[in-house]
There are 4 protein chains.
Amino acid sequence: MGTVDSTAPGRSIDLNSDLAESFGRWTLGDDDAMLALVSSANVACGFHAGDPLTILAALRTARDRGVAVGAHVAYRDLAGFGRRDLDASPDELYGDVVYQLGALAGLARAAGTRVHYVKPHGALYNRIARDPVHAGAVVAAVADVDRDLPVLGLPGSVVLDVAAEAGLTTWREAFADRAYRPDGTLASRRDPGAVVHDPDEVAARALRMATEGTVVAVDGTVLDLRPDSLCLHSDTPGAVQLATAVRAALDRAGVRVAPLADGVA
Amino acid sequence: MGTVDSTAPGRSIDLNSDLAESFGRWTLGDDDAMLALVSSANVACGFHAGDPLTILAALRTARDRGVAVGAHVAYRDLAGFGRRDLDASPDELYGDVVYQLGALAGLARAAGTRVHYVKPHGALYNRIARDPVHAGAVVAAVADVDRDLPVLGLPGSVVLDVAAEAGLTTWREAFADRAYRPDGTLASRRDPGAVVHDPDEVAARALRMATEGTVVAVDGTVLDLRPDSLCLHSDTPGAVQLATAVRAALDRAGVRVAPLADGVA
Amino acid sequence: MGTVDSTAPGRSIDLNSDLAESFGRWTLGDDDAMLALVSSANVACGFHAGDPLTILAALRTARDRGVAVGAHVAYRDLAGFGRRDLDASPDELYGDVVYQLGALAGLARAAGTRVHYVKPHGALYNRIARDPVHAGAVVAAVADVDRDLPVLGLPGSVVLDVAAEAGLTTWREAFADRAYRPDGTLASRRDPGAVVHDPDEVAARALRMATEGTVVAVDGTVLDLRPDSLCLHSDTPGAVQLATAVRAALDRAGVRVAPLADGVA
Amino acid sequence: MGTVDSTAPGRSIDLNSDLAESFGRWTLGDDDAMLALVSSANVACGFHAGDPLTILAALRTARDRGVAVGAHVAYRDLAGFGRRDLDASPDELYGDVVYQLGALAGLARAAGTRVHYVKPHGALYNRIARDPVHAGAVVAAVADVDRDLPVLGLPGSVVLDVAAEAGLTTWREAFADRAYRPDGTLASRRDPGAVVHDPDEVAARALRMATEGTVVAVDGTVLDLRPDSLCLHSDTPGAVQLATAVRAALDRAGVRVAPLADGVA
């Protein structure tokens, strides 16, 4: 009585991670391990990573485990892994995003699942957090392929505003292992302490994000992020260990880890 | 009485052509002109040619003109325009075809149309005419993405047999400007006379193919090809002129040029 | 007496043009025609355009006609033809430029010629006109491969300063068909009148640049550009006609068209 | 007296390995560890693997350690890692090999070393062991870039014959971890026992190859391979361990491990 029932309905959070980032002979990350921990997989679409066989394998496992599929669309830049800003015209970007959404949808269909949402990758993710032109191109592409696809992004980012204006569903994500500035933006990776490496600390931050919706910024400010989903990195050393710690902490606290998308499993 | 009514219902033929083969800064063929002449467009899917903007433009015009859309899937070989045999594993080929089918479907949806059939391109087209392993990979890909997509190919080719066995619809095509051997295969381009260049002769051959279903082979044998569709080349000098001559001959003879696919326009 | 001797020694100018920009099945420009008109060929190196066979053909013709060979290095972006700013790290850019310089040198050797200078292409050209970091990466790459390679660029651009500081030879180029602002920069292509299309006017501007070293800016200011080389576009409609007009005007005026590089022919 | 002096001068062998096969974000193999064990590095040239920064890093280490540099030229196929037969025309293959040789030479120059030999990779290696047309294209490319570059290949392969006829130096290699058929060809990887995994056995085979020049084929036949170089795999699990065992066995037996190329260190 008066105590919080940690198993109460509604105490749930989505965990997402970038997967299917191998390419041909090159392996990156451990998709199988991560797909046992997350509820949403941001699946590479071939422009920054992800050959069709890698993608199909991830999609089949996601289907089997009830993991939602996000289209991890990117700039066309295999050599740079989609991490370099590319000054595509809005039309080019629109076309490239439509192409990637379609390709992933085809692979998902062949794998017995479907695309549930869209999360842009890398340099594109960062750019559309502030550039309304590229954000508009991405949103138009999503809307023209499937208006029911939600867009997952950084709270406060331009793309979420543009998506909402276009009538798309938007989902907010937070990063348990990244330091936040008082204004809610992520601290630059160049700053000391920008990335939290200790699994216990990351797990504690994740739990707070999932249960209270908040994070403590670098100056002590409590930010009311209210994330729908927590992003766990997949391609860094110790990624699986970190994800395991986060998942265990959430499980222990009775927070259900579940996709935001309907009808996944 | 006793004469053929050239305007009778049923006197119709499909004309198909390879389109959307530009890439970025490079233009190839005259998509707009050809889309006024053909009823089916084999649209490049990005692996041998076709950037998303080029494809979108072709798809929009195809939609406006009631032209059916074929997925012109290919080996992954931009530098070789998909014309070089590539010894992909069956799994790789399967994945590459699914990827391309999906990508084109996404672009088609954004352009207000859809993919109506599949016609493999170049070296892949030639290989699956005789190689059951690669043919099987292509057919499995089509079946897993959309079992209702017909496969367009050379009469007598292995891929049409494999597709039929898998329960897919198959369509037969003929080439009005190519010489045929008595066994129904195309004469090698290296042989003299393998390609017919005279527009009047090509038009006459096309008309005979469309009305009688036959072609005279190099040795005089009359081949009963019964094609569903005639392929008109798009990327050779004089391609538009040749296509115009064929179309005019068919129009004059009262042969309706119409897509095989249902519900196109 | 008192008149200028138009055939006097020293009355010479270099004409350069971007060539070898075809790729595989796709043809762009008329290399053969342009190589009869220019004295220096900026040869694509495969990152924005130029497959090895296209490059070899251009190099062989350049060798036969005594045309100097420039390495037209670019960002790695075939889909964007090197015209999109790409935020490569300085190390990546350094490596990409070294790679391209080497590749072209190998092809030149096989074709019986050599690389005589470097002219960056497209978005890279524009960026290193103002960005000292990318300019520094390009200059370091040139210096590490061959310190004797001059860099051809826009007068006043950062890259020429950086190159000169590094001890490299720098060459200045001007554009006969582009309008100049009073500060010596090129008018934006979006401005009306930014590109001069009339062959006679372009020829007249080229002649003035070659003989007096000046151009009249959009506001009437006379700019003392003193170009070493004039750039003629190769991939626009009418490019050959424009180049022919420029060359004829220079020939008529007794201005010798000759490479800047030593020992070309 | 009468015994072999295992430390006699001339008891030496070259060890080669495929290196610089990472690409962008993707890491493959442990170049640094392998470069401490081998005397010759087959360095990827960007067509099957190897971005410029990866290559530069390997070249700098090779330079520091007196390791010779081989151009590991390949078919243009990043997605297939150069392991898929690609039916390039002889001209295309010639151009692609020249391009890669040049690119690597440029990077080597920037890294303070040079290219010492050529060893084709993967599907190209296998094809030119039997196809005189592709072999001829490769040999012509090498000869046109630098007639002093030796070609390293399988004893009995067509390419070594073609190279020798063209006046190039040829070097013979053997594989310590691969089973041989009685005719001197490698057992298919699909056959049981085709690959030897036990480090001690591989080391013993390598030692015999280095000191006696022989290997025992699958049926007991003693093959007189007389290899100039032994190839150690770099991209399989345990590759470094295997190479370490081979190197240790050679060192213990007083066999000097040294490049075939002159003037390396």
# chains A, B, ... in the order shown; residues from 1 in each chain; ligands from 1

$ closest_atom_pairs --of "chain C" --to "chain A" --cutoff "7 Å" --atoms "only C-alpha atoms" --output "JSON lines"
{"residue": "C:Arg84", "atom": "CA", "partner": "A:Asp87", "partner_atom": "CA", "distance": 5.1}
{"residue": "C:Asp85", "atom": "CA", "partner": "A:Asp87", "partner_atom": "CA", "distance": 5.1}
{"residue": "C:Leu86", "atom": "CA", "partner": "A:Leu86", "partner_atom": "CA", "distance": 4.7}
{"residue": "C:Asp87", "atom": "CA", "partner": "A:Asp85", "partner_atom": "CA", "distance": 5.1}
{"residue": "C:Ala88", "atom": "CA", "partner": "A:Arg84", "partner_atom": "CA", "distance": 6.1}

$ residues_around --residues "Thr211 of chain D" --least-positions-apart "2" --cutoff "8 Å" --atoms "only C-alpha atoms" --output "PDB file with all heavy atoms, in the first residue's frame"
ATOM      1  N   ARG D  11      70.008 -20.857 -46.283  1.00  0.00           N
ATOM      2  CA  ARG D  11      68.817 -21.515 -45.751  1.00  0.00           C
ATOM      3  C   ARG D  11      67.819 -20.440 -45.373  1.00  0.00           C
ATOM      4  O   ARG D  11      67.756 -20.028 -44.217  1.00  0.00           O
ATOM      5  CB  ARG D  11      69.175 -22.376 -44.535  1.00  0.00           C
ATOM      6  CG  ARG D  11      69.982 -23.613 -44.873  1.00  0.00           C
ATOM      7  CD  ARG D  11      69.088 -24.618 -45.586  1.00  0.00           C
ATOM      8  NE  ARG D  11      67.979 -25.015 -44.726  1.00  0.00           N
ATOM      9  CZ  ARG D  11      68.094 -25.916 -43.744  1.00  0.00           C
ATOM     10  NH1 ARG D  11      69.237 -26.529 -43.524  1.00  0.00           N
ATOM     11  NH2 ARG D  11      67.070 -26.235 -43.000  1.00  0.00           N
ATOM     12  N   LEU D 207      58.189 -26.159 -42.351  1.00  0.00           N
ATOM     13  CA  LEU D 207      59.621 -26.396 -42.210  1.00  0.00           C
ATOM     14  C   LEU D 207      60.126 -27.292 -43.333  1.00  0.00           C
ATOM     15  O   LEU D 207      61.176 -27.027 -43.940  1.00  0.00           O
ATOM     16  CB  LEU D 207      59.907 -27.020 -40.842  1.00  0.00           C
ATOM     17  CG  LEU D 207      61.385 -27.168 -40.471  1.00  0.00           C
ATOM     18  CD1 LEU D 207      62.101 -25.825 -40.529  1.00  0.00           C
ATOM     19  CD2 LEU D 207      61.514 -27.781 -39.079  1.00  0.00           C
ATOM     20  N   ARG D 208      59.368 -28.330 -43.612  1.00  0.00           N
ATOM     21  CA  ARG D 208      59.753 -29.232 -44.695  1.00  0.00           C
ATOM     22  C   ARG D 208      59.774 -28.497 -46.046  1.00  0.00           C
ATOM     23  O   ARG D 208      60.659 -28.673 -46.867  1.00  0.00           O
ATOM     24  CB  ARG D 208      58.766 -30.404 -44.747  1.00  0.00           C
ATOM     25  CG  ARG D 208      59.062 -31.360 -45.880  1.00  0.00           C
ATOM     26  CD  ARG D 208      58.250 -32.633 -45.752  1.00  0.00           C
ATOM     27  NE  ARG D 208      58.590 -33.519 -46.855  1.00  0.00           N
ATOM     28  CZ  ARG D 208      58.435 -34.825 -46.836  1.00  0.00           C
ATOM     29  NH1 ARG D 208      57.931 -35.406 -45.759  1.00  0.00           N
ATOM     30  NH2 ARG D 208      58.779 -35.573 -47.878  1.00  0.00           N
ATOM     31  N   MET D 209      58.730 -27.678 -46.260  1.00  0.00           N
ATOM     32  CA  MET D 209      58.689 -26.882 -47.484  1.00  0.00           C
ATOM     33  C   MET D 209      59.911 -25.972 -47.592  1.00  0.00           C
ATOM     34  O   MET D 209      60.497 -25.813 -48.672  1.00  0.00           O
ATOM     35  CB  MET D 209      57.420 -26.021 -47.514  1.00  0.00           C
ATOM     36  CG  MET D 209      56.137 -26.810 -47.801  1.00  0.00           C
ATOM     37  SD  MET D 209      54.680 -25.747 -47.574  1.00  0.00           S
ATOM     38  CE  MET D 209      53.399 -26.770 -48.354  1.00  0.00           C
ATOM     39  N   GLY D 213      61.843 -28.265 -49.665  1.00  0.00           N
ATOM     40  CA  GLY D 213      61.096 -27.841 -50.837  1.00  0.00           C
ATOM     41  C   GLY D 213      59.954 -28.766 -51.202  1.00  0.00           C
ATOM     42  O   GLY D 213      59.362 -28.647 -52.274  1.00  0.00           O
ATOM     43  N   VAL D 255      66.343 -21.444 -40.070  1.00  0.00           N
ATOM     44  CA  VAL D 255      65.954 -20.961 -41.403  1.00  0.00           C
ATOM     45  C   VAL D 255      65.650 -19.475 -41.303  1.00  0.00           C
ATOM     46  O   VAL D 255      64.820 -19.055 -40.507  1.00  0.00           O
ATOM     47  CB  VAL D 255      64.711 -21.712 -41.924  1.00  0.00           C
ATOM     48  CG1 VAL D 255      64.314 -21.171 -43.291  1.00  0.00           C
ATOM     49  CG2 VAL D 255      64.970 -23.210 -41.988  1.00  0.00           C
TER      50      VAL D 255
END

$ select_by_dssp --residues "segment 85-203 of chain A" --states "strand (DSSP E or B)" --output "ChimeraX atom specification"
/A:86,117-118,151-153,170-175,178,180,186,195

$ closest_atom_pairs --of "segment 81-141 of chain A" --to "segment 48-71 of chain A" --cutoff "10 Å" --atoms "only C-alpha atoms" --output "CSV"
residue,atom,partner,partner_atom,distance
A:Phe81,CA,A:His48,CA,4.5
A:Gly82,CA,A:His48,CA,4.7
A:Arg83,CA,A:His48,CA,8.2
A:Val97,CA,A:Ala71,CA,9.4
A:Gln100,CA,A:Ala71,CA,7.8
A:Leu101,CA,A:Ala71,CA,6.3
A:Gly102,CA,A:Ala71,CA,9.5
A:Ala103,CA,A:Pro52,CA,9.0
A:Leu104,CA,A:Ala71,CA,6.8
A:Ala105,CA,A:Ala71,CA,8.5
A:Gly106,CA,A:Leu56,CA,9.9
A:Leu107,CA,A:Leu56,CA,6.2
A:Ala108,CA,A:Leu59,CA,6.2
A:Arg109,CA,A:Leu59,CA,9.3
A:Ala110,CA,A:Leu56,CA,8.0
A:Ala111,CA,A:Arg60,CA,5.3
A:Gly112,CA,A:Arg63,CA,6.8
A:Thr113,CA,A:Arg63,CA,5.7
A:Arg114,CA,A:Val69,CA,6.8
A:Val115,CA,A:Val69,CA,5.1
A:His116,CA,A:Val69,CA,5.3
A:Tyr117,CA,A:Gly70,CA,4.6
A:Val118,CA,A:Ala71,CA,4.6
A:Lys119,CA,A:Ala71,CA,5.9
A:Pro120,CA,A:Ala71,CA,7.4
A:His121,CA,A:His48,CA,8.4
A:Gly122,CA,A:His48,CA,9.0

$ select_by_dssp --residues "segment 41-219 of chain B" --states "helix (DSSP H, G or I)" --output "JSON, numbers by chain"
{"B": [52, 53, 54, 55, 56, 57, 58, 59, 60, 61, 62, 63, 64, 65, 90, 91, 92, 93, 94, 95, 96, 97, 98, 99, 100, 101, 102, 103, 104, 105, 106, 107, 108, 109, 110, 122, 123, 124, 125, 126, 127, 128, 132, 133, 134, 135, 136, 137, 138, 139, 140, 141, 142, 143, 144, 145, 158, 159, 160, 161, 162, 163, 164, 165, 199, 200, 201, 202, 203, 204, 205, 206, 207, 208, 209, 210, 211]}

$ closest_residue --among "D:Ala217, D:Ala129, D:Ala206, D:Ala74" --to "Ala248 of chain D" --atoms "only C-alpha atoms"
D:Ala206

$ residues_around --residues "Val222 of chain D" --least-positions-apart "5" --cutoff "12 Å" --atoms "only C-alpha atoms" --output "ChimeraX atom specification"
/D:180-184,205,208-209,212-217

$ residues_around --residues "segment 159-176 of chain C" --least-positions-apart "5" --cutoff "9 Å" --atoms "only C-alpha atoms" --output "short mmCIF file (atom, residue, chain, number, x, y, z; two decimals) with N, CA, C and O atoms, in the first residue's frame"
data_model
loop_
_atom_site.label_atom_id
_atom_site.label_comp_id
_atom_site.auth_asym_id
_atom_site.auth_seq_id
_atom_site.Cartn_x
_atom_site.Cartn_y
_atom_site.Cartn_z
N ASN C 16 42.92 24.37 -69.92
CA ASN C 16 42.68 23.08 -69.26
C ASN C 16 41.20 22.74 -69.26
O ASN C 16 40.34 23.61 -69.32
N TYR C 125 37.37 21.04 -54.78
CA TYR C 125 37.93 22.29 -55.30
C TYR C 125 37.36 23.48 -54.54
O TYR C 125 38.10 24.37 -54.10
N ILE C 128 38.43 23.50 -50.60
CA ILE C 128 39.80 23.87 -50.26
C ILE C 128 40.15 25.27 -50.73
O ILE C 128 41.23 25.77 -50.45
N ALA C 129 39.23 25.91 -51.41
CA ALA C 129 39.41 27.34 -51.69
C ALA C 129 39.25 28.15 -50.41
O ALA C 129 39.70 29.29 -50.33
N ARG C 130 38.61 27.54 -49.39
CA ARG C 130 38.36 28.30 -48.16
C ARG C 130 38.70 27.53 -46.89
O ARG C 130 38.87 28.14 -45.84
N ASP C 131 38.80 26.20 -46.94
CA ASP C 131 39.00 25.40 -45.72
C ASP C 131 40.47 24.99 -45.61
O ASP C 131 40.94 24.12 -46.35
N PRO C 132 41.21 25.56 -44.67
CA PRO C 132 42.63 25.24 -44.57
C PRO C 132 42.89 23.80 -44.14
O PRO C 132 43.96 23.25 -44.45
N HIS C 134 41.10 20.89 -44.98
CA HIS C 134 41.06 20.03 -46.16
C HIS C 134 42.14 20.43 -47.17
O HIS C 134 42.74 19.57 -47.83
N ALA C 135 42.39 21.73 -47.28
CA ALA C 135 43.47 22.18 -48.16
C ALA C 135 44.81 21.58 -47.72
O ALA C 135 45.61 21.11 -48.54
N GLY C 136 45.04 21.59 -46.43
CA GLY C 136 46.29 21.04 -45.90
C GLY C 136 46.43 19.56 -46.17
O GLY C 136 47.53 19.06 -46.46
N VAL C 138 45.13 17.92 -48.71
CA VAL C 138 45.42 17.74 -50.14
C VAL C 138 46.89 18.07 -50.42
O VAL C 138 47.59 17.33 -51.13
N VAL C 139 47.35 19.18 -49.88
CA VAL C 139 48.73 19.61 -50.13
C VAL C 139 49.72 18.58 -49.56
O VAL C 139 50.72 18.24 -50.21
N ALA C 140 49.43 18.07 -48.38
CA ALA C 140 50.33 17.06 -47.80
C ALA C 140 50.38 15.82 -48.68
O ALA C 140 51.44 15.21 -48.86
N VAL C 142 49.88 15.64 -51.95
CA VAL C 142 50.68 15.94 -53.15
C VAL C 142 52.16 15.93 -52.80
O VAL C 142 52.98 15.31 -53.50
N ALA C 143 52.50 16.60 -51.72
CA ALA C 143 53.91 16.71 -51.34
C ALA C 143 54.52 15.34 -51.05
O ALA C 143 55.68 15.08 -51.37
N ARG C 147 56.77 16.02 -54.80
CA ARG C 147 56.88 17.45 -54.48
C ARG C 147 56.99 18.31 -55.73
O ARG C 147 56.88 19.53 -55.65
N ASP C 148 57.25 17.70 -56.86
CA ASP C 148 57.38 18.49 -58.09
C ASP C 148 56.06 18.71 -58.80
O ASP C 148 56.04 19.35 -59.86
N LEU C 149 54.97 18.19 -58.25
CA LEU C 149 53.67 18.39 -58.90
C LEU C 149 53.08 19.73 -58.51
O LEU C 149 52.79 19.98 -57.34
N PRO C 150 52.88 20.63 -59.47
CA PRO C 150 52.21 21.90 -59.16
C PRO C 150 50.73 21.68 -58.87
O PRO C 150 50.14 20.69 -59.29
N VAL C 151 50.15 22.62 -58.14
CA VAL C 151 48.72 22.61 -57.84
C VAL C 151 48.07 23.74 -58.62
O VAL C 151 48.50 24.89 -58.52
N LEU C 152 47.04 23.40 -59.36
CA LEU C 152 46.30 24.38 -60.16
C LEU C 152 45.02 24.74 -59.42
O LEU C 152 44.26 23.84 -59.03
N GLY C 153 44.78 26.03 -59.21
CA GLY C 153 43.59 26.42 -58.47
C GLY C 153 43.18 27.86 -58.70
O GLY C 153 43.76 28.56 -59.54
N LEU C 154 42.18 28.26 -57.95
CA LEU C 154 41.61 29.59 -58.08
C LEU C 154 42.52 30.62 -57.40
O LEU C 154 42.91 30.42 -56.25
N LEU C 186 34.06 33.77 -57.95
CA LEU C 186 33.11 33.51 -59.01
C LEU C 186 31.69 33.82 -58.54
O LEU C 186 31.33 33.51 -57.41
N VAL C 196 28.43 32.61 -68.77
CA VAL C 196 28.36 33.24 -70.09
C VAL C 196 28.23 32.14 -71.13
O VAL C 196 29.03 31.21 -71.15
N GLU C 201 31.46 35.93 -76.88
CA GLU C 201 31.79 36.66 -75.66
C GLU C 201 32.80 35.87 -74.81
O GLU C 201 33.74 36.45 -74.26
N VAL C 202 32.58 34.59 -74.75
CA VAL C 202 33.52 33.77 -73.98
C VAL C 202 34.92 33.85 -74.62
O VAL C 202 35.93 34.00 -73.91
N ALA C 203 34.95 33.79 -75.94
CA ALA C 203 36.25 33.87 -76.63
C ALA C 203 36.93 35.21 -76.35
O ALA C 203 38.15 35.28 -76.12
N ALA C 204 36.14 36.26 -76.37
CA ALA C 204 36.70 37.59 -76.12
C ALA C 204 37.24 37.69 -74.69
O ALA C 204 38.32 38.26 -74.44
N ARG C 205 36.50 37.14 -73.75
CA ARG C 205 36.97 37.15 -72.37
C ARG C 205 38.25 36.33 -72.22
O ARG C 205 39.18 36.72 -71.52
N ALA C 206 38.27 35.19 -72.87
CA ALA C 206 39.46 34.32 -72.81
C ALA C 206 40.67 35.05 -73.39
O ALA C 206 41.77 35.01 -72.81
N LEU C 207 40.45 35.73 -74.50
CA LEU C 207 41.57 36.42 -75.15
C LEU C 207 42.12 37.51 -74.23
O LEU C 207 43.33 37.67 -74.06
N MET C 209 41.88 37.61 -70.98
CA MET C 209 42.57 36.94 -69.86
C MET C 209 43.97 36.50 -70.28
O MET C 209 44.94 36.63 -69.52
N VAL C 215 40.00 40.45 -66.21
CA VAL C 215 38.61 40.19 -66.52
C VAL C 215 37.79 41.32 -65.89
O VAL C 215 38.19 41.88 -64.87
N LEU C 225 43.66 39.19 -62.74
CA LEU C 225 43.74 37.77 -62.35
C LEU C 225 45.09 37.14 -62.69
O LEU C 225 45.54 36.23 -62.03
N ARG C 226 45.69 37.59 -63.75
CA ARG C 226 46.94 36.99 -64.26
C ARG C 226 46.92 35.46 -64.23
O ARG C 226 47.75 34.83 -63.59
N PRO C 227 45.99 34.88 -64.92
CA PRO C 227 45.89 33.41 -64.88
C PRO C 227 47.02 32.74 -65.66
O PRO C 227 47.48 33.25 -66.68
N ASP C 228 47.44 31.60 -65.14
CA ASP C 228 48.37 30.75 -65.88
C ASP C 228 47.64 29.84 -66.85
O ASP C 228 48.22 29.36 -67.82
N SER C 229 46.38 29.60 -66.53
CA SER C 229 45.61 28.63 -67.32
C SER C 229 44.15 29.05 -67.34
O SER C 229 43.65 29.63 -66.38
N LEU C 230 43.50 28.77 -68.45
CA LEU C 230 42.06 29.02 -68.55
C LEU C 230 41.33 27.69 -68.58
O LEU C 230 41.71 26.78 -69.31
N CYS C 231 40.28 27.61 -67.77
CA CYS C 231 39.51 26.37 -67.70
C CYS C 231 38.33 26.42 -68.67
O CYS C 231 37.54 27.37 -68.65
N LEU C 232 38.22 25.42 -69.49
CA LEU C 232 37.09 25.28 -70.40
C LEU C 232 36.25 24.10 -69.97
O LEU C 232 36.77 23.00 -69.77
N HIS C 233 34.96 24.32 -69.84
CA HIS C 233 34.11 23.21 -69.42
C HIS C 233 33.95 22.19 -70.52
O HIS C 233 34.00 22.51 -71.70
N VAL C 246 37.06 29.57 -78.38
CA VAL C 246 38.15 30.13 -77.58
C VAL C 246 39.50 29.85 -78.25
O VAL C 246 40.33 30.75 -78.43
N LEU C 260 51.60 24.32 -69.20
CA LEU C 260 52.51 24.95 -68.25
C LEU C 260 53.62 23.97 -67.86
O LEU C 260 54.73 24.38 -67.54
#
